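Asker: This is the structure I have questions about; it appears just below.
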Amino acid sequence: NAGVMQNPRHLVRRRGQEARLRCSPMKGHSHVYWYRQLPEEGLKFMVYLQKENIIDESGMPKERFSAEFPKEGPSILRIQQVVRGDSAAYFCASSPFDYGYTFGSGTRLTVV
Amino acid sequence: TQLLEQSPQFLSIQEGENLTVYCNSSSVFSSLQWYRQEPGEGPVLLVTVVTGGEVKKLKRLTFQFGDARKDSSLHITAAQPGDTGLYLCAGARSSGNTGKLIFGQGTTLQVKP
């Protein structure tokens, strides 16, 4: 998992604050995916991005959540006005042009 | 709607036993992947199966993709405590890495020494 870098590893936010999660894909990977995992559950797809483009955001909540993957810099998942239900592990994955995704170690968001 | 059903959800066995984890769906997938996840870490890819009926072996792990590409199984022979972890299957609808993965809810395996 060292190839996909996510930070921070742990993030604590009070209700109503903003959370910004960062993901640097593996070198040479131009596809980035964000997934959310609740305790004892599998991962739920949120959004798929390529550089400067959102390809599929069908898993993103309609409000408060946004994602970007700029030409330069990491991909950012932004959650505005966090609520307790946003507490989860958020994973980023990147991929090249053959099968197989590489996941980062995740950001554990706790909303207090 | 859970598109990929994994069973069992929890499995606790003794070292040396064999086990099988199942991943079933009513939908067809272009490929199916198996991951293992340790506590506090991200999933790590074990294998990708693409062709219906395909069987892949990874040491003591055997993965099979159903003929109709709707289901898959993971068989572990002579389980060891180091096999303990969360096993996830994930299906891709589109070919290549151009789309999302649909994950099963996972199977938590505990292998006791």
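Letters A, B, ... mark the chains of the structure tokens in the order given; residue numbers begin at 1 per chain; ligand numbers begin at 1, in order shown.
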Only residues of chain B matter here; which ones have an atom within 10 Å of chain A, counting only C-alpha atoms? Give them as a ChimeraX atom specification.

Answerer: /B:6,9,31-35,37-38,40-50,86-90,92,95-108

Asker: Take the residues from that selection and put them in a file with N, CA, C and O atoms, as a compact mmCIF listing (two decimals), in the first residue's frame.

Answerer:
```txt
# COMPACT_ATOMS: atom_id res chain seq x y z
N GLN B 6 -21.45 -12.14 0.08
CA GLN B 6 -20.37 -13.01 0.53
C GLN B 6 -20.86 -13.88 1.67
O GLN B 6 -21.61 -13.43 2.53
N GLN B 9 -20.13 -14.62 6.69
CA GLN B 9 -19.63 -13.31 7.09
C GLN B 9 -18.52 -13.44 8.11
O GLN B 9 -17.62 -12.60 8.14
N SER B 31 -14.91 -8.84 -14.59
CA SER B 31 -13.82 -9.42 -13.81
C SER B 31 -14.21 -9.41 -12.34
O SER B 31 -15.12 -8.67 -11.93
N LEU B 32 -13.53 -10.23 -11.59
CA LEU B 32 -13.78 -10.27 -10.16
C LEU B 32 -12.45 -10.33 -9.44
O LEU B 32 -11.55 -11.07 -9.86
N GLN B 33 -12.33 -9.56 -8.40
CA GLN B 33 -11.08 -9.47 -7.67
C GLN B 33 -11.31 -9.89 -6.22
O GLN B 33 -12.39 -9.71 -5.67
N TRP B 34 -10.27 -10.45 -5.64
CA TRP B 34 -10.28 -10.79 -4.21
C TRP B 34 -9.20 -9.97 -3.52
O TRP B 34 -8.07 -9.87 -4.01
N TYR B 35 -9.58 -9.41 -2.38
CA TYR B 35 -8.67 -8.60 -1.57
C TYR B 35 -8.63 -9.16 -0.16
O TYR B 35 -9.58 -9.77 0.32
N GLN B 37 -7.75 -7.60 3.74
CA GLN B 37 -7.56 -6.36 4.46
C GLN B 37 -7.21 -6.64 5.91
O GLN B 37 -7.93 -7.38 6.60
N GLU B 38 -6.12 -6.04 6.36
CA GLU B 38 -5.71 -6.13 7.76
C GLU B 38 -6.32 -4.94 8.52
O GLU B 38 -6.56 -3.89 7.92
N GLY B 40 -6.87 -1.59 10.19
CA GLY B 40 -6.17 -0.32 10.09
C GLY B 40 -5.44 -0.09 8.78
O GLY B 40 -4.73 0.92 8.64
N GLU B 41 -5.62 -1.00 7.82
CA GLU B 41 -4.94 -0.86 6.54
C GLU B 41 -5.94 -0.93 5.40
O GLU B 41 -7.11 -1.27 5.59
N GLY B 42 -5.47 -0.59 4.20
CA GLY B 42 -6.31 -0.71 3.03
C GLY B 42 -6.30 -2.12 2.47
O GLY B 42 -5.42 -2.93 2.80
N PRO B 43 -7.26 -2.45 1.61
CA PRO B 43 -7.29 -3.78 1.01
C PRO B 43 -6.08 -4.00 0.10
O PRO B 43 -5.62 -3.07 -0.56
N VAL B 44 -5.59 -5.23 0.09
CA VAL B 44 -4.47 -5.60 -0.76
C VAL B 44 -4.97 -6.64 -1.76
O VAL B 44 -5.56 -7.65 -1.36
N LEU B 45 -4.73 -6.38 -3.03
CA LEU B 45 -5.21 -7.28 -4.08
C LEU B 45 -4.52 -8.63 -4.01
O LEU B 45 -3.30 -8.71 -3.95
N LEU B 46 -5.32 -9.70 -4.02
CA LEU B 46 -4.78 -11.06 -4.04
C LEU B 46 -4.77 -11.60 -5.47
O LEU B 46 -3.77 -12.16 -5.91
N VAL B 47 -5.90 -11.45 -6.15
CA VAL B 47 -6.00 -12.04 -7.49
C VAL B 47 -7.12 -11.36 -8.27
O VAL B 47 -8.05 -10.80 -7.67
N THR B 48 -7.02 -11.39 -9.58
CA THR B 48 -8.09 -10.97 -10.47
C THR B 48 -8.43 -12.13 -11.39
O THR B 48 -7.53 -12.73 -11.98
N VAL B 49 -9.70 -12.47 -11.50
CA VAL B 49 -10.14 -13.49 -12.45
C VAL B 49 -11.02 -12.83 -13.49
O VAL B 49 -11.83 -11.96 -13.16
N VAL B 50 -10.84 -13.25 -14.73
CA VAL B 50 -11.47 -12.55 -15.84
C VAL B 50 -12.35 -13.49 -16.68
O VAL B 50 -13.41 -13.09 -17.14
N LEU B 86 -9.70 -9.87 6.95
CA LEU B 86 -10.97 -9.64 6.26
C LEU B 86 -10.75 -9.89 4.77
O LEU B 86 -9.86 -9.28 4.16
N TYR B 87 -11.54 -10.78 4.20
CA TYR B 87 -11.44 -11.11 2.78
C TYR B 87 -12.62 -10.49 2.05
O TYR B 87 -13.78 -10.68 2.43
N LEU B 88 -12.31 -9.77 1.00
CA LEU B 88 -13.33 -9.04 0.24
C LEU B 88 -13.30 -9.47 -1.22
O LEU B 88 -12.22 -9.55 -1.82
N CYS B 89 -14.48 -9.72 -1.77
CA CYS B 89 -14.56 -9.89 -3.21
C CYS B 89 -15.10 -8.60 -3.80
O CYS B 89 -15.84 -7.86 -3.13
N ALA B 90 -14.72 -8.33 -5.02
CA ALA B 90 -15.16 -7.10 -5.68
C ALA B 90 -15.32 -7.36 -7.16
O ALA B 90 -14.42 -7.94 -7.79
N ALA B 92 -16.12 -5.97 -11.14
CA ALA B 92 -16.06 -4.84 -12.06
C ALA B 92 -17.02 -5.12 -13.22
O ALA B 92 -17.05 -6.23 -13.75
N SER B 95 -14.73 -3.47 -18.62
CA SER B 95 -13.45 -4.12 -18.84
C SER B 95 -12.32 -3.14 -18.54
O SER B 95 -12.47 -1.94 -18.72
N GLY B 96 -11.20 -3.68 -18.10
CA GLY B 96 -10.09 -2.81 -17.75
C GLY B 96 -10.38 -1.96 -16.55
O GLY B 96 -11.39 -2.11 -15.89
N ASN B 97 -9.49 -1.09 -16.22
CA ASN B 97 -9.67 -0.24 -15.04
C ASN B 97 -10.35 1.05 -15.43
O ASN B 97 -9.78 2.12 -15.35
N THR B 98 -11.58 0.96 -15.87
CA THR B 98 -12.28 2.17 -16.27
C THR B 98 -13.58 2.32 -15.53
O THR B 98 -14.50 2.96 -15.99
N GLY B 99 -13.71 1.73 -14.38
CA GLY B 99 -14.94 1.87 -13.64
C GLY B 99 -14.80 1.42 -12.21
O GLY B 99 -13.78 0.94 -11.77
N LYS B 100 -15.92 1.60 -11.49
CA LYS B 100 -15.93 1.31 -10.07
C LYS B 100 -15.96 -0.19 -9.82
O LYS B 100 -16.33 -0.99 -10.68
N LEU B 101 -15.57 -0.55 -8.61
CA LEU B 101 -15.70 -1.90 -8.11
C LEU B 101 -16.89 -1.97 -7.18
O LEU B 101 -17.15 -1.04 -6.41
N ILE B 102 -17.62 -3.09 -7.25
CA ILE B 102 -18.71 -3.34 -6.32
C ILE B 102 -18.22 -4.40 -5.35
O ILE B 102 -17.87 -5.52 -5.76
N PHE B 103 -18.16 -4.04 -4.07
CA PHE B 103 -17.60 -4.93 -3.07
C PHE B 103 -18.68 -5.74 -2.36
O PHE B 103 -19.79 -5.24 -2.11
N GLY B 104 -18.33 -6.97 -2.01
CA GLY B 104 -19.14 -7.72 -1.06
C GLY B 104 -18.89 -7.17 0.33
O GLY B 104 -18.01 -6.35 0.55
N GLN B 105 -19.69 -7.66 1.29
CA GLN B 105 -19.58 -7.11 2.64
C GLN B 105 -18.42 -7.70 3.43
O GLN B 105 -18.12 -7.26 4.53
N GLY B 106 -17.74 -8.69 2.85
CA GLY B 106 -16.54 -9.21 3.48
C GLY B 106 -16.76 -10.45 4.32
O GLY B 106 -17.86 -10.68 4.83
N THR B 107 -15.71 -11.22 4.45
CA THR B 107 -15.70 -12.39 5.33
C THR B 107 -14.55 -12.22 6.30
O THR B 107 -13.39 -12.11 5.88
N THR B 108 -14.87 -12.18 7.58
CA THR B 108 -13.85 -12.06 8.61
C THR B 108 -13.40 -13.45 9.02
O THR B 108 -14.19 -14.25 9.52
```

Asker: Would you please work out which residue, of A:Leu77, A:Val83, A:Ser66, A:Ala88, is nearest to Arg15 (chain A) when using only C-alpha atoms?

Answerer: A:Val83

Asker: Between B:Leu4, B:Ser27, B:Val21, B:Ser12, which has the minimum distance to Leu61 (chain B) (counting only C-alpha atoms)?

Answerer: B:Val21

Asker: Which distance in Å separates CA of Gln14 (chain B) and CA of His75 (chain B), to one decimal?

Answerer: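 CA of Gln14 (chain B) sits 15.2 Å away from CA of His75 (chain B).
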
Asker: What's around Gln80 (chain A) at 12 Å? Count only C-alpha atoms, leave out sequence neighbours fewer than 5 positions away in its own chain, and write the answer as a list in words.

Answerer: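 Close residues of Gln80 (chain A): Arg13, Arg14, Arg15, Gly16, Gln17, Glu18, Ala19, Arg20, Leu21, Pro61, Lys62, Glu63, Arg64, Phe65, Ser66, Ala67, Asp86 and Val111 of chain A.
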
Asker: Include N, CA, C and O atoms and write out the residues we just selected as a PDB file, in the first residue's frame.

Answerer:
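Result file follows (again22.pdb):
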```
ATOM      1  N   ARG A  13     -12.918  15.673  13.566  1.00  0.00           N
ATOM      2  CA  ARG A  13     -13.602  16.940  13.292  1.00  0.00           C
ATOM      3  C   ARG A  13     -14.849  17.033  14.167  1.00  0.00           C
ATOM      4  O   ARG A  13     -15.495  16.030  14.471  1.00  0.00           O
ATOM      5  N   ARG A  14     -15.163  18.254  14.559  1.00  0.00           N
ATOM      6  CA  ARG A  14     -16.408  18.502  15.276  1.00  0.00           C
ATOM      7  C   ARG A  14     -17.535  18.640  14.255  1.00  0.00           C
ATOM      8  O   ARG A  14     -17.305  19.052  13.100  1.00  0.00           O
ATOM      9  N   ARG A  15     -18.715  18.321  14.686  1.00  0.00           N
ATOM     10  CA  ARG A  15     -19.880  18.478  13.813  1.00  0.00           C
ATOM     11  C   ARG A  15     -19.932  19.890  13.250  1.00  0.00           C
ATOM     12  O   ARG A  15     -19.734  20.871  13.974  1.00  0.00           O
ATOM     13  N   GLY A  16     -20.148  19.991  11.944  1.00  0.00           N
ATOM     14  CA  GLY A  16     -20.233  21.284  11.289  1.00  0.00           C
ATOM     15  C   GLY A  16     -18.944  21.768  10.658  1.00  0.00           C
ATOM     16  O   GLY A  16     -18.966  22.685   9.830  1.00  0.00           O
ATOM     17  N   GLN A  17     -17.824  21.132  11.006  1.00  0.00           N
ATOM     18  CA  GLN A  17     -16.547  21.527  10.404  1.00  0.00           C
ATOM     19  C   GLN A  17     -16.377  20.874   9.035  1.00  0.00           C
ATOM     20  O   GLN A  17     -17.165  20.029   8.619  1.00  0.00           O
ATOM     21  N   GLU A  18     -15.313  21.254   8.365  1.00  0.00           N
ATOM     22  CA  GLU A  18     -14.995  20.675   7.061  1.00  0.00           C
ATOM     23  C   GLU A  18     -13.868  19.650   7.208  1.00  0.00           C
ATOM     24  O   GLU A  18     -12.962  19.836   8.010  1.00  0.00           O
ATOM     25  N   ALA A  19     -13.954  18.587   6.431  1.00  0.00           N
ATOM     26  CA  ALA A  19     -12.888  17.582   6.389  1.00  0.00           C
ATOM     27  C   ALA A  19     -12.316  17.542   4.974  1.00  0.00           C
ATOM     28  O   ALA A  19     -13.071  17.501   3.996  1.00  0.00           O
ATOM     29  N   ARG A  20     -10.988  17.578   4.893  1.00  0.00           N
ATOM     30  CA  ARG A  20     -10.313  17.481   3.597  1.00  0.00           C
ATOM     31  C   ARG A  20      -9.364  16.298   3.634  1.00  0.00           C
ATOM     32  O   ARG A  20      -8.434  16.268   4.431  1.00  0.00           O
ATOM     33  N   LEU A  21      -9.614  15.333   2.750  1.00  0.00           N
ATOM     34  CA  LEU A  21      -8.821  14.115   2.695  1.00  0.00           C
ATOM     35  C   LEU A  21      -8.018  14.128   1.402  1.00  0.00           C
ATOM     36  O   LEU A  21      -8.553  14.429   0.344  1.00  0.00           O
ATOM     37  N   PRO A  61     -22.754  11.229  -2.010  1.00  0.00           N
ATOM     38  CA  PRO A  61     -23.958  11.889  -1.497  1.00  0.00           C
ATOM     39  C   PRO A  61     -24.177  13.203  -2.246  1.00  0.00           C
ATOM     40  O   PRO A  61     -23.209  13.863  -2.645  1.00  0.00           O
ATOM     41  N   LYS A  62     -25.442  13.560  -2.424  1.00  0.00           N
ATOM     42  CA  LYS A  62     -25.762  14.719  -3.257  1.00  0.00           C
ATOM     43  C   LYS A  62     -25.302  16.029  -2.643  1.00  0.00           C
ATOM     44  O   LYS A  62     -24.998  16.992  -3.355  1.00  0.00           O
ATOM     45  N   GLU A  63     -25.244  16.080  -1.335  1.00  0.00           N
ATOM     46  CA  GLU A  63     -24.869  17.329  -0.670  1.00  0.00           C
ATOM     47  C   GLU A  63     -23.643  17.121   0.196  1.00  0.00           C
ATOM     48  O   GLU A  63     -23.369  16.026   0.667  1.00  0.00           O
ATOM     49  N   ARG A  64     -22.904  18.176   0.382  1.00  0.00           N
ATOM     50  CA  ARG A  64     -21.770  18.301   1.311  1.00  0.00           C
ATOM     51  C   ARG A  64     -20.503  17.610   0.836  1.00  0.00           C
ATOM     52  O   ARG A  64     -19.438  17.882   1.372  1.00  0.00           O
ATOM     53  N   PHE A  65     -20.574  16.693  -0.095  1.00  0.00           N
ATOM     54  CA  PHE A  65     -19.401  15.955  -0.542  1.00  0.00           C
ATOM     55  C   PHE A  65     -18.971  16.439  -1.926  1.00  0.00           C
ATOM     56  O   PHE A  65     -19.809  16.639  -2.804  1.00  0.00           O
ATOM     57  N   SER A  66     -17.665  16.584  -2.109  1.00  0.00           N
ATOM     58  CA  SER A  66     -17.129  16.922  -3.419  1.00  0.00           C
ATOM     59  C   SER A  66     -15.740  16.315  -3.552  1.00  0.00           C
ATOM     60  O   SER A  66     -15.085  16.006  -2.548  1.00  0.00           O
ATOM     61  N   ALA A  67     -15.309  16.122  -4.785  1.00  0.00           N
ATOM     62  CA  ALA A  67     -13.984  15.549  -5.034  1.00  0.00           C
ATOM     63  C   ALA A  67     -13.378  16.215  -6.240  1.00  0.00           C
ATOM     64  O   ALA A  67     -14.085  16.647  -7.150  1.00  0.00           O
ATOM     65  N   ASP A  86     -20.877  10.698   9.065  1.00  0.00           N
ATOM     66  CA  ASP A  86     -19.759  10.710   8.118  1.00  0.00           C
ATOM     67  C   ASP A  86     -18.556   9.959   8.675  1.00  0.00           C
ATOM     68  O   ASP A  86     -17.577   9.724   7.950  1.00  0.00           O
ATOM     69  N   VAL A 111     -16.066  12.029  13.651  1.00  0.00           N
ATOM     70  CA  VAL A 111     -16.791  13.270  13.890  1.00  0.00           C
ATOM     71  C   VAL A 111     -17.326  13.246  15.319  1.00  0.00           C
ATOM     72  O   VAL A 111     -18.059  12.322  15.694  1.00  0.00           O
TER      73      VAL A 111
END
```

Asker: Using the chain letters and numbers from this document, which residues of region 52-86 of chain B does DSSP assign to strand (DSSP E or B), as a PyMOL selection string?

Answerer: chain B and resi 55-58+61-65+71-76+85-86

Asker: Which is closest to Ser24 (chain A) among A:Pro8, A:Met60, A:Leu38, A:Ser75, if we use only C-alpha atoms?

Answerer: A:Ser75

Asker: Would you mind reading off the distance between CA of Ile76 (chain B) and CA of Pro8 (chain B), one decimal, in Å?

Answerer: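 Taking CA of Ile76 (chain B) as the start and CA of Pro8 (chain B) as the end point, the length is 13.8 Å.
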
Asker: Would you kindly return, as a CSV table (one decimal) with C-alpha atoms, in the first residue's frame, each protein, DNA or RNA residue with an atom no farther than 8 Å from any atom of Glu17 (chain B), considering only C-alpha atoms and excluding same-chain residues fewer than 5 positions away?

Answerer:
```csv
chain,number,residue,atom,x,y,z
B,77,THR,CA,-6.0,-25.2,2.3
B,78,ALA,CA,-4.4,-25.9,5.7
B,79,ALA,CA,-5.2,-22.4,7.1
```

Asker: Please indicate the distance in Å from CA of Gln110 (chain B) to CA of Thr84 (chain B), rounded to one decimal place.

Answerer: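 Taking CA of Gln110 (chain B) as the start and CA of Thr84 (chain B) as the end point, the length is 4.8 Å.
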